[in-house]
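J.: Sharing a structure below in structure tokens format, with a few things to ask.
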Amino acid sequence: KNRTFTFAVIASLAVGISMFGTTVFLSQYMIMARGASATQAGLMTFPMMAGLLVISTIAGALISRYGKWKALVVSGAALQIVGLYLLGTIHYDTPFWQVGLYMFILGAGVGLVMQNMVLVVQNAVEPKILGVASSSVNFFRTLGGTAGTAGLGALLAVTIPNMIADRQSELSSAIASLGDKAAAVGASLSSGSLPTISTLPEPVRSILESIYGDGVASLFAFAAPL
């Protein structure tokens, strides 16, 4: 029955998708489209975490000082939309500083909204239901992250094969140009389990990196309106 609580729950679902879903697929982008190792991929998502940490700390201090939160939360939601939209434009060869800037913007938006949703609810309900209200917001944020990761993963599983099929002739030509290595690479790609892309020969690797770069980017574009 509480309007503020209801909107906070909806916002928390969206934040969960932005926070958990994008973190998972940013790592996949770094591995599949940029040839990073798992450790490198984790480190390469640092700009997003830096944006979240720095901006959420500043926002917390501002709220403590002035007691106003609405402008910060709305600004954070806008930054999330901008960050996801910008990440939806990246490719496998987009300069990393540019990708890092986009991640920082998204992280800043998440930082302004994520923890402040709990604060919003705490200021909108009676003290006797404070615990239930606060835990509900955290629960729905986690639920949004779980559902978002699963949904975006299913979308990627459909998108990538379609993109590979669209570029099948180009991929076949690249494999044929490898000479003696063509048979081994072709067998590896048709085995049903994708090999480590960074170890593939150049013409084939660049095509698959391009496909995965564009495929993962499409997930961010899809998540922006959510």
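Letters A, B, ... mark the chains of the structure tokens in the order given; residue numbers begin at 1 per chain; ligand numbers begin at 1, in order shown.
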Just the residues within 6 Å of Ala174 in chain A, please, counting only C-alpha atoms, with nothing from its chain fewer than 2 positions along; format it as a PyMOL selection string.
T.: chain A and resi 171-172+176-177+203-204
J.: Using only C-alpha atoms, I'd like a table of the residues in range 121-171 of chain A that come within 9 Å of range 22-38 of chain A; for each, show the closest atom pair and its distance in Å rounded to one decimal, ordered by chain and ascending number, as a tab-separated table.
T.:
residue	atom	partner	partner_atom	distance
A:Gly148	CA	A:Thr22	CA	8.9
A:Thr149	CA	A:Val24	CA	7.4
A:Leu152	CA	A:Phe25	CA	8.6
A:Gly153	CA	A:Phe25	CA	8.3
J.: Compare A:Leu156, A:Gly213, A:Val120, A:Ser169 by their minimum atom-to-atom distance to Phe7 in chain A, counting only C-alpha atoms, and give me the closest one.
T.: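 Of all the options, A:Val120 lies closest to Phe7 in chain A.
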J.: Range 17-130 of chain A: which residues are helix (DSSP H, G or I) by DSSP, as a PyMOL selection string?
T.: chain A and resi 17-32+38-44+46-66+70-87+96-122+127-130
J.: Can you pull out the residues contacting Ala217 in chain A? Cut-off 7 Å, using only C-alpha atoms, and skip same-chain residues under 6 positions away; I want them as an MDAnalysis selection string.
T.: chainID A and resid 87:90
J.: Neighbours of range 18-21 of chain A within 9 Å (only C-alpha atoms; same-chain residues fewer than 2 positions away dropped), as a PyMOL selection string?
T.: chain A and resi 13-16+23-26+80+84+106-107+110+114+142+144-153+220+223-224+226
